[in-house]
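Note: the block below is my_file.cif and it holds mmCIF, C-alpha atoms.
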data_upload
loop_
_atom_site.label_atom_id
_atom_site.label_comp_id
_atom_site.auth_asym_id
_atom_site.auth_seq_id
_atom_site.Cartn_x
_atom_site.Cartn_y
_atom_site.Cartn_z
CA MET A 1 -0.44 37.41 9.09
CA ASP A 2 1.96 38.53 6.43
CA GLN A 3 4.90 37.46 8.55
CA THR A 4 3.44 34.00 8.97
CA ARG A 5 3.20 33.64 5.24
CA GLN A 6 6.72 34.89 4.79
CA SER A 7 8.06 32.43 7.35
CA LEU A 8 6.21 29.59 5.70
CA GLU A 9 7.63 30.56 2.35
CA THR A 10 11.14 30.72 3.77
CA LEU A 11 10.79 27.26 5.32
CA ARG A 12 9.54 25.96 1.99
CA ASP A 13 12.58 27.48 0.27
CA ILE A 14 14.86 25.76 2.77
CA LYS A 15 13.19 22.39 2.29
CA ASN A 16 13.26 22.79 -1.47
CA MET A 17 16.97 23.62 -1.50
CA MET A 18 17.81 20.73 0.83
CA GLU A 19 16.02 18.34 -1.49
CA ARG A 20 17.44 19.76 -4.69
CA SER A 21 20.98 19.64 -3.37
CA SER A 22 20.89 16.14 -1.90
CA ARG A 23 18.54 14.05 -4.05
CA PHE A 24 18.26 13.47 -7.75
CA ILE A 25 14.69 14.65 -8.19
CA SER A 26 14.57 14.98 -11.97
CA LEU A 27 13.62 11.33 -12.43
CA SER A 28 10.44 11.58 -14.49
CA GLY A 29 7.38 9.37 -14.13
CA LEU A 30 7.27 9.16 -17.92
CA SER A 31 10.66 7.41 -17.75
CA GLY A 32 9.06 4.64 -15.72
CA ILE A 33 6.18 4.32 -18.19
CA SER A 34 8.45 4.19 -21.24
CA ALA A 35 10.82 1.66 -19.63
CA GLY A 36 7.81 -0.49 -18.74
CA ILE A 37 6.50 -0.40 -22.29
CA CYS A 38 9.94 -1.41 -23.62
CA ALA A 39 9.96 -4.34 -21.17
CA LEU A 40 6.52 -5.54 -22.28
CA ILE A 41 7.50 -5.36 -25.97
CA GLY A 42 10.74 -7.21 -25.19
CA ALA A 43 8.87 -9.93 -23.27
CA TYR A 44 6.40 -10.32 -26.15
CA ILE A 45 9.20 -10.74 -28.70
CA ALA A 46 11.12 -13.13 -26.43
CA ALA A 47 8.13 -15.34 -25.56
CA PRO A 48 8.28 -17.79 -28.51
CA TYR A 49 12.00 -18.35 -27.93
CA VAL A 50 11.57 -18.85 -24.19
CA PHE A 51 8.71 -21.34 -24.64
CA GLY A 52 10.51 -23.20 -27.40
CA THR A 53 8.19 -22.53 -30.35
CA LYS A 54 11.02 -20.70 -32.11
CA ASP A 55 14.66 -21.62 -32.31
CA LEU A 56 16.66 -20.22 -29.40
CA PHE A 57 20.10 -20.47 -30.98
CA ILE A 58 21.46 -18.25 -33.69
CA ASP A 59 24.26 -20.41 -35.05
CA HIS A 60 23.68 -24.16 -34.83
CA ILE A 61 26.87 -25.46 -36.30
CA ASN A 62 28.85 -23.64 -33.69
CA TYR A 63 26.49 -24.61 -30.92
CA ARG A 64 27.04 -28.32 -31.53
CA GLY A 65 30.63 -27.92 -30.57
CA THR A 66 29.98 -26.27 -27.23
CA GLU A 67 32.94 -27.99 -25.59
CA GLY A 68 35.42 -25.33 -26.45
CA TYR A 69 32.96 -22.48 -26.28
CA GLY A 70 32.60 -21.40 -22.70
CA ASP A 71 29.60 -19.82 -21.04
CA ILE A 72 29.80 -16.44 -22.68
CA GLY A 73 30.04 -17.95 -26.14
CA ILE A 74 26.86 -19.95 -25.57
CA ILE A 75 24.98 -17.01 -24.07
CA LEU A 76 25.98 -14.74 -26.96
CA ASN A 77 24.68 -17.39 -29.36
CA THR A 78 21.11 -17.23 -27.99
CA ARG A 79 18.49 -14.92 -29.45
CA ILE A 80 17.14 -14.23 -25.97
CA PHE A 81 20.39 -12.59 -24.95
CA TRP A 82 20.21 -10.10 -27.82
CA ILE A 83 16.50 -9.43 -27.25
CA ALA A 84 17.25 -8.79 -23.57
CA ALA A 85 20.17 -6.52 -24.42
CA ALA A 86 18.12 -4.52 -26.94
CA THR A 87 15.22 -4.24 -24.46
CA PHE A 88 17.54 -3.01 -21.72
CA LEU A 89 19.14 -0.46 -24.02
CA ALA A 90 15.81 0.81 -25.36
CA ALA A 91 14.41 1.12 -21.82
CA LEU A 92 17.52 2.95 -20.63
CA ILE A 93 17.57 5.40 -23.55
CA SER A 94 13.85 6.20 -23.41
CA ALA A 95 14.02 6.63 -19.61
CA PHE A 96 17.00 8.95 -20.00
CA VAL A 97 15.23 11.11 -22.59
CA PHE A 98 12.21 11.89 -20.38
CA THR A 99 14.37 12.55 -17.34
CA PHE A 100 16.63 14.79 -19.42
CA ILE A 101 13.60 16.80 -20.59
CA LYS A 102 12.33 17.15 -17.02
CA SER A 103 15.69 18.30 -15.67
CA ARG A 104 15.90 20.88 -18.47
CA ARG A 105 12.46 22.21 -17.67
CA GLU A 106 13.23 22.53 -13.98
CA GLY A 107 16.64 24.03 -14.55
CA ILE A 108 18.43 21.34 -12.56
CA PRO A 109 21.70 20.06 -13.99
CA ILE A 110 21.30 16.38 -14.90
CA TRP A 111 24.89 15.42 -14.17
CA GLY A 112 25.98 16.43 -10.70
CA ASN A 113 26.76 15.03 -7.30
CA THR A 114 23.22 13.76 -6.80
CA ALA A 115 23.13 11.88 -10.11
CA LYS A 116 26.52 10.37 -9.37
CA ARG A 117 25.46 9.17 -5.93
CA LEU A 118 22.24 7.71 -7.32
CA LEU A 119 24.08 5.86 -10.07
CA ILE A 120 26.70 4.40 -7.74
CA ASN A 121 24.09 3.18 -5.27
CA VAL A 122 21.91 1.59 -7.95
CA SER A 123 24.92 -0.09 -9.51
CA ILE A 124 26.24 -1.90 -6.44
CA PRO A 125 23.36 -4.40 -5.99
CA LEU A 126 22.92 -4.68 -9.77
CA LEU A 127 26.57 -5.58 -10.40
CA ALA A 128 26.66 -8.09 -7.54
CA GLY A 129 23.38 -9.55 -8.81
CA GLY A 130 24.61 -9.69 -12.38
CA ILE A 131 27.69 -11.70 -11.42
CA PHE A 132 25.60 -14.01 -9.27
CA LEU A 133 23.09 -14.63 -12.07
CA TYR A 134 25.90 -15.27 -14.52
CA LYS A 135 27.14 -18.01 -12.23
CA LEU A 136 23.61 -19.44 -11.95
CA MET A 137 23.55 -19.72 -15.74
CA HIS A 138 26.95 -21.39 -15.64
CA PHE A 139 25.45 -24.15 -13.50
CA GLY A 140 22.38 -24.34 -15.72
CA THR A 141 19.93 -23.00 -13.16
CA PHE A 142 17.96 -20.98 -15.71
CA GLY A 143 14.72 -21.08 -13.72
CA LEU A 144 16.22 -18.79 -11.08
CA ILE A 145 17.29 -16.07 -13.51
CA ALA A 146 13.96 -14.19 -13.62
CA PRO A 147 13.36 -14.27 -9.85
CA GLY A 148 17.00 -13.26 -9.35
CA CYS A 149 16.64 -10.28 -11.70
CA LEU A 150 13.56 -9.09 -9.83
CA ILE A 151 15.04 -9.52 -6.35
CA PHE A 152 18.35 -7.83 -7.09
CA TYR A 153 16.63 -5.03 -9.01
CA GLY A 154 14.30 -4.50 -6.05
CA LEU A 155 17.27 -4.28 -3.70
CA ALA A 156 18.93 -1.77 -6.03
CA LEU A 157 15.81 0.42 -6.01
CA ILE A 158 15.55 0.33 -2.22
CA ASN A 159 19.21 1.26 -1.99
CA ALA A 160 18.61 4.10 -4.45
CA SER A 161 15.60 5.50 -2.61
CA LYS A 162 17.79 7.61 -0.31
CA TYR A 163 19.18 9.46 -3.30
CA THR A 164 16.08 10.25 -5.34
CA LEU A 165 12.34 10.65 -4.76
CA GLY A 166 11.53 8.28 -1.89
CA GLU A 167 8.55 6.52 -3.48
CA ILE A 168 10.87 4.33 -5.53
CA ARG A 169 11.37 2.35 -2.32
CA TYR A 170 7.89 0.84 -2.69
CA LEU A 171 8.56 -0.12 -6.28
CA GLY A 172 11.61 -1.95 -4.88
CA PHE A 173 9.53 -3.81 -2.28
CA PHE A 174 7.04 -4.93 -4.91
CA GLN A 175 9.83 -6.20 -7.19
CA ILE A 176 11.34 -8.24 -4.36
CA VAL A 177 7.98 -9.75 -3.36
CA LEU A 178 7.28 -10.63 -7.00
CA GLY A 179 10.74 -12.21 -7.32
CA ILE A 180 10.23 -14.31 -4.20
CA ILE A 181 6.79 -15.53 -5.32
CA ASN A 182 8.40 -16.45 -8.64
CA LEU A 183 10.74 -18.81 -6.78
CA TRP A 184 7.76 -21.12 -6.28
CA PHE A 185 6.65 -20.84 -9.89
CA VAL A 186 9.86 -21.55 -11.73
CA GLY A 187 9.18 -21.85 -15.44
CA TYR A 188 6.80 -18.89 -15.44
CA GLY A 189 9.71 -16.47 -15.15
CA LEU A 190 8.86 -14.51 -18.29
CA TYR A 191 5.38 -13.68 -16.94
CA PHE A 192 6.79 -12.50 -13.62
CA TRP A 193 9.51 -10.63 -15.45
CA ALA A 194 6.93 -8.84 -17.63
CA LEU A 195 4.83 -8.10 -14.55
CA GLY A 196 7.77 -6.64 -12.62
CA PHE A 197 9.72 -4.78 -15.28
CA GLY A 198 6.69 -3.98 -17.44
CA VAL A 199 3.48 -3.52 -15.47
CA LEU A 200 5.02 -2.33 -12.18
CA HIS A 201 7.19 0.24 -13.97
CA ILE A 202 4.18 1.59 -15.84
CA ALA A 203 2.06 1.73 -12.67
CA TYR A 204 4.86 3.43 -10.73
CA GLY A 205 5.60 5.88 -13.55
CA ALA A 206 1.94 6.80 -13.94
CA TYR A 207 1.61 7.36 -10.20
CA MET A 208 4.71 9.56 -10.07
CA TRP A 209 3.64 11.54 -13.09
CA TRP A 210 0.19 12.03 -11.58
CA LYS A 211 1.65 13.15 -8.26
CA TYR A 212 4.49 15.44 -9.37
CA GLU A 213 4.26 16.40 -13.03
CA ARG A 214 0.60 16.53 -14.02
CA ASN A 215 0.20 20.24 -13.26
CA ARG A 216 3.41 21.52 -14.73
CA MET B 1 6.72 39.12 25.63
CA ALA B 2 9.78 38.94 23.43
CA ASN B 3 9.14 39.53 19.80
CA PRO B 4 9.91 36.29 17.93
CA ILE B 5 11.39 38.30 15.07
CA ASP B 6 14.33 39.14 17.35
CA ASN B 7 15.43 35.52 17.17
CA LEU B 8 15.71 35.58 13.40
CA ASN B 9 19.25 35.85 12.20
CA LYS B 10 19.76 38.91 10.00
CA LEU B 11 22.54 37.11 8.18
CA PHE B 12 20.05 34.62 6.71
CA ASP B 13 17.66 37.27 5.44
CA SER B 14 19.00 36.95 1.92
CA ARG B 15 17.57 34.13 -0.16
CA VAL B 16 21.00 33.30 -1.55
CA ARG B 17 22.58 32.91 1.89
CA LEU B 18 19.59 30.90 3.02
CA GLY B 19 19.98 28.66 -0.01
CA ILE B 20 23.71 28.16 0.58
CA MET B 21 23.12 27.21 4.21
CA SER B 22 20.29 24.81 3.29
CA ALA B 23 22.43 23.01 0.72
CA LEU B 24 25.35 22.73 3.14
CA MET B 25 23.11 21.39 5.92
CA VAL B 26 22.39 18.22 3.97
CA ASN B 27 25.75 17.76 2.20
CA ASP B 28 29.19 17.23 3.72
CA ALA B 29 30.70 19.69 1.26
CA VAL B 30 29.57 21.42 -1.92
CA ASN B 31 31.83 23.08 -4.47
CA PHE B 32 31.50 26.52 -5.96
CA ASN B 33 30.12 25.46 -9.32
CA GLU B 34 27.46 23.23 -7.84
CA LEU B 35 26.26 26.06 -5.62
CA LYS B 36 26.22 28.34 -8.63
CA GLU B 37 24.04 25.93 -10.58
CA LEU B 38 21.73 25.23 -7.65
CA LEU B 39 21.13 28.91 -6.96
CA ASN B 40 21.33 30.06 -10.55
CA ILE B 41 23.33 33.24 -9.86
CA THR B 42 26.52 34.85 -11.15
CA ASP B 43 30.03 34.12 -9.88
CA GLY B 44 30.45 37.56 -8.33
CA ASN B 45 27.11 37.48 -6.56
CA LEU B 46 27.72 34.03 -5.12
CA ALA B 47 31.26 34.91 -4.07
CA SER B 48 30.13 37.96 -2.11
CA HIS B 49 27.48 35.98 -0.23
CA LEU B 50 29.93 33.18 0.50
CA LYS B 51 32.38 35.76 1.81
CA ALA B 52 29.76 37.21 4.17
CA LEU B 53 28.99 33.73 5.55
CA GLU B 54 32.68 32.96 5.90
CA GLU B 55 33.35 36.21 7.77
CA ASN B 56 30.61 35.30 10.21
CA GLU B 57 32.27 31.90 10.66
CA CYS B 58 29.20 30.05 9.43
CA ILE B 59 31.04 28.18 6.67
CA LYS B 60 34.59 27.05 6.06
CA VAL B 61 36.42 27.05 2.77
CA GLU B 62 38.83 24.47 1.44
CA LYS B 63 40.75 25.09 -1.72
CA GLY B 64 41.92 22.13 -3.73
CA PHE B 65 42.54 20.97 -7.26
CA ILE B 66 40.87 18.58 -9.67
CA GLY B 67 43.58 18.09 -12.25
CA ARG B 68 44.64 21.63 -12.99
CA LYS B 69 41.34 23.30 -12.21
CA THR B 70 40.83 24.86 -8.81
CA ASN B 71 38.10 23.24 -6.79
CA THR B 72 36.82 25.25 -3.85
CA MET B 73 34.73 23.26 -1.39
CA TYR B 74 32.43 24.81 1.17
CA SER B 75 31.09 23.21 4.30
CA LEU B 76 29.31 24.26 7.49
CA THR B 77 31.09 25.09 10.72
CA LYS B 78 29.62 24.06 14.09
CA THR B 79 28.74 27.72 14.66
CA GLY B 80 26.99 27.93 11.31
CA GLU B 81 24.97 24.77 11.91
CA LYS B 82 23.84 26.01 15.32
CA ALA B 83 22.93 29.45 13.98
CA PHE B 84 20.96 28.00 11.08
CA LYS B 85 19.05 25.57 13.30
CA ALA B 86 18.18 28.45 15.63
CA HIS B 87 16.98 30.42 12.61
CA ILE B 88 14.68 27.58 11.51
CA ALA B 89 13.38 27.18 15.07
CA ALA B 90 12.62 30.92 15.17
CA LEU B 91 10.71 30.68 11.89
CA GLU B 92 8.65 27.79 13.26
CA LYS B 93 7.92 29.69 16.44
CA MET B 94 6.69 32.66 14.44
CA ILE B 95 4.28 30.49 12.49
CA LYS B 96 2.98 28.83 15.64
CA SER B 97 2.52 32.09 17.53
CA MET B 98 0.46 33.65 14.76
CA SER B 99 -1.81 30.82 13.79
#
Take the structure from the file and write it as structure tokens.
Amino acid sequence: MDQTRQSLETLRDIKNMMERSSRFISLSGLSGISAGICALIGAYIAAPYVFGTKDLFIDHINYRGTEGYGDIGIILNTRIFWIAAATFLAALISAFVFTFIKSRREGIPIWGNTAKRLLINVSIPLLAGGIFLYKLMHFGTFGLIAPGCLIFYGLALINASKYTLGEIRYLGFFQIVLGIINLWFVGYGLYFWALGFGVLHIAYGAYMWWKYERNR
Amino acid sequence: MANPIDNLNKLFDSRVRLGIMSALMVNDAVNFNELKELLNITDGNLASHLKALEENECIKVEKGFIGRKTNTMYSLTKTGEKAFKAHIAALEKMIKSMS
């Protein structure tokens, strides 16, 4: 009887070590919740600019002379760009803080091989997607930006799922489905965006917290 | 009937050695410092366990450099992989035979 328990414990140790050494498991559910909240706040602030009740452009005199400006100049001159950038930064920082706290508590180094692999594999679809979306903006196809964000982000999560807790795969699937549905409702991008980056993140984060961190 | 305990490898009795083998099973190669952090033990302790595994030809060692710092990478040998898999199989058998 005692030997059975010992064997079970040993197998558990082995599994634990395999996971800890190959996957970045410090990703906290609270990170998902905080990133989701940032996204919802960002969407709320951006809404009047997106729907045209507030002025989209920061500097009008410059905007009139767009000829010599180039794409980046125009994008940098919109309020939405700066709201999006601030939202992204706030989400990233708050997500990092909770994951940092969790890794400290579990005694796992936050920056190691597993974190590196996770970061590289998230970045590949995101970078490709970012360049693609930039070109969409260049051709004025703004309606496809939100669905594009969701689809490429979903692909990035699915790609990342081999290098962190596997459940993130399902978050990826949901993002992609949401992005594809959005393709038939162009013009409602902000709602889909808030649903994907806000509500889905919060739901996923709450689930992960409930499953892995509640009892710690 | 053969006692299933006989199939357990004495070499993997120690938790540290078990941990090293587990980490190397799922990674191509792991360096000394990463192992140290994963197992949370001292340099000397880790080195002696690594030496024991190396002497039994379970792991191979590759010394290199990152800049000026030495970087020692450890990875499994075919023998080591086989021995560790047999050890896990023996553990499973023990659980099955008793329950």
Query raised in the report: Could you spell out the hits of the PyMOL selection byres ((chain A and resi 149) around 12) on the shown file, as JSON, numbers by chain?
Result: {"A": [84, 125, 126, 127, 128, 129, 130, 131, 132, 133, 134, 136, 142, 143, 144, 145, 146, 147, 148, 150, 151, 152, 153, 154, 155, 156, 172, 175, 176, 178, 179, 180, 182, 183, 189, 190, 192, 193, 194, 196, 197]}
Query - Shell of 8 Å around region 21-30 of chain A, only C-alpha atoms, local chain residues under 2 positions omitted, as a PyMOL selection string - result: (chain A and resi 17-19+32-34+95+98-100+102-103+106+108+110+114-115+118+162-165+204-209+213) or (chain B and resi 23+26-27+38)
Requested in this report: Could you list, as an MDAnalysis selection string, the residues of chain B having an atom within 12 Å of chain A when counting only C-alpha atoms?
Outcome: chainID B and resid 4:5 8 12:31 33:40 84:85 87:99
Query raised in the report: Please, what distance in Å, to one decimal, runs between CA of Lys54 (chain A) and CA of Tyr188 (chain A)?
Result: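 Between these atoms lies a distance of 17.3 Å.
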Requested in this report: Identify, on the basis of only C-alpha atoms, every residue whose closest approach to Asn56 (chain B) does not exceed 12 Å; exclude the query and any residue fewer than 5 positions from it along the same chain; express the result as an MDAnalysis selection string.
Outcome: chainID B and resid 9:12 17 49:51 76:80 83
**Report entry** Interatomic distance, CA of Asn77 (chain A) to CA of Tyr49 (chain A) (Å, one decimal)
**Finding:**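 Result for CA of Asn77 (chain A) versus CA of Tyr49 (chain A): 12.8 Å, one decimal.
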Requested in this report: Name the residues in contact with Phe32 (chain B) at a cut-off of 8 Å, using all atoms listed in the file, excluding same-chain residues fewer than 5 positions from it; report them as a list in words.
Outcome: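 Within the cut-off, the hits are Asn71, Thr72, Met73 and Tyr74 of chain B.
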Query - Coordinates-based distance that separates CA of Asp55 (chain A) from CA of Val199 (chain A) (Å, one decimal) - result: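 Value for the CA of Val199 (chain A)-CA of Asp55 (chain A) distance: 27.1 Å.
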Report task. Can you turn the PyMOL selection byres ((chain A and resi 43) around 9) into a concrete residue list for this file, as a list of chain:residue names? Result ->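 The output of the PyMOL selection byres ((chain A and resi 43) around 9) on this file is A:Cys38, A:Ala39, A:Leu40, A:Ile41, A:Gly42, A:Tyr44, A:Ile45, A:Ala46, A:Ala47, A:Ile83, A:Ala84, A:Thr87, A:Leu190, A:Tyr191, A:Trp193, A:Ala194, A:Gly198.
You can rank A:Arg104, A:Lys135, A:Arg12, A:Arg117 by their closest distance to Asp71 (chain A) using all atoms listed in the file, and at the top of that list sits A:Lys135.
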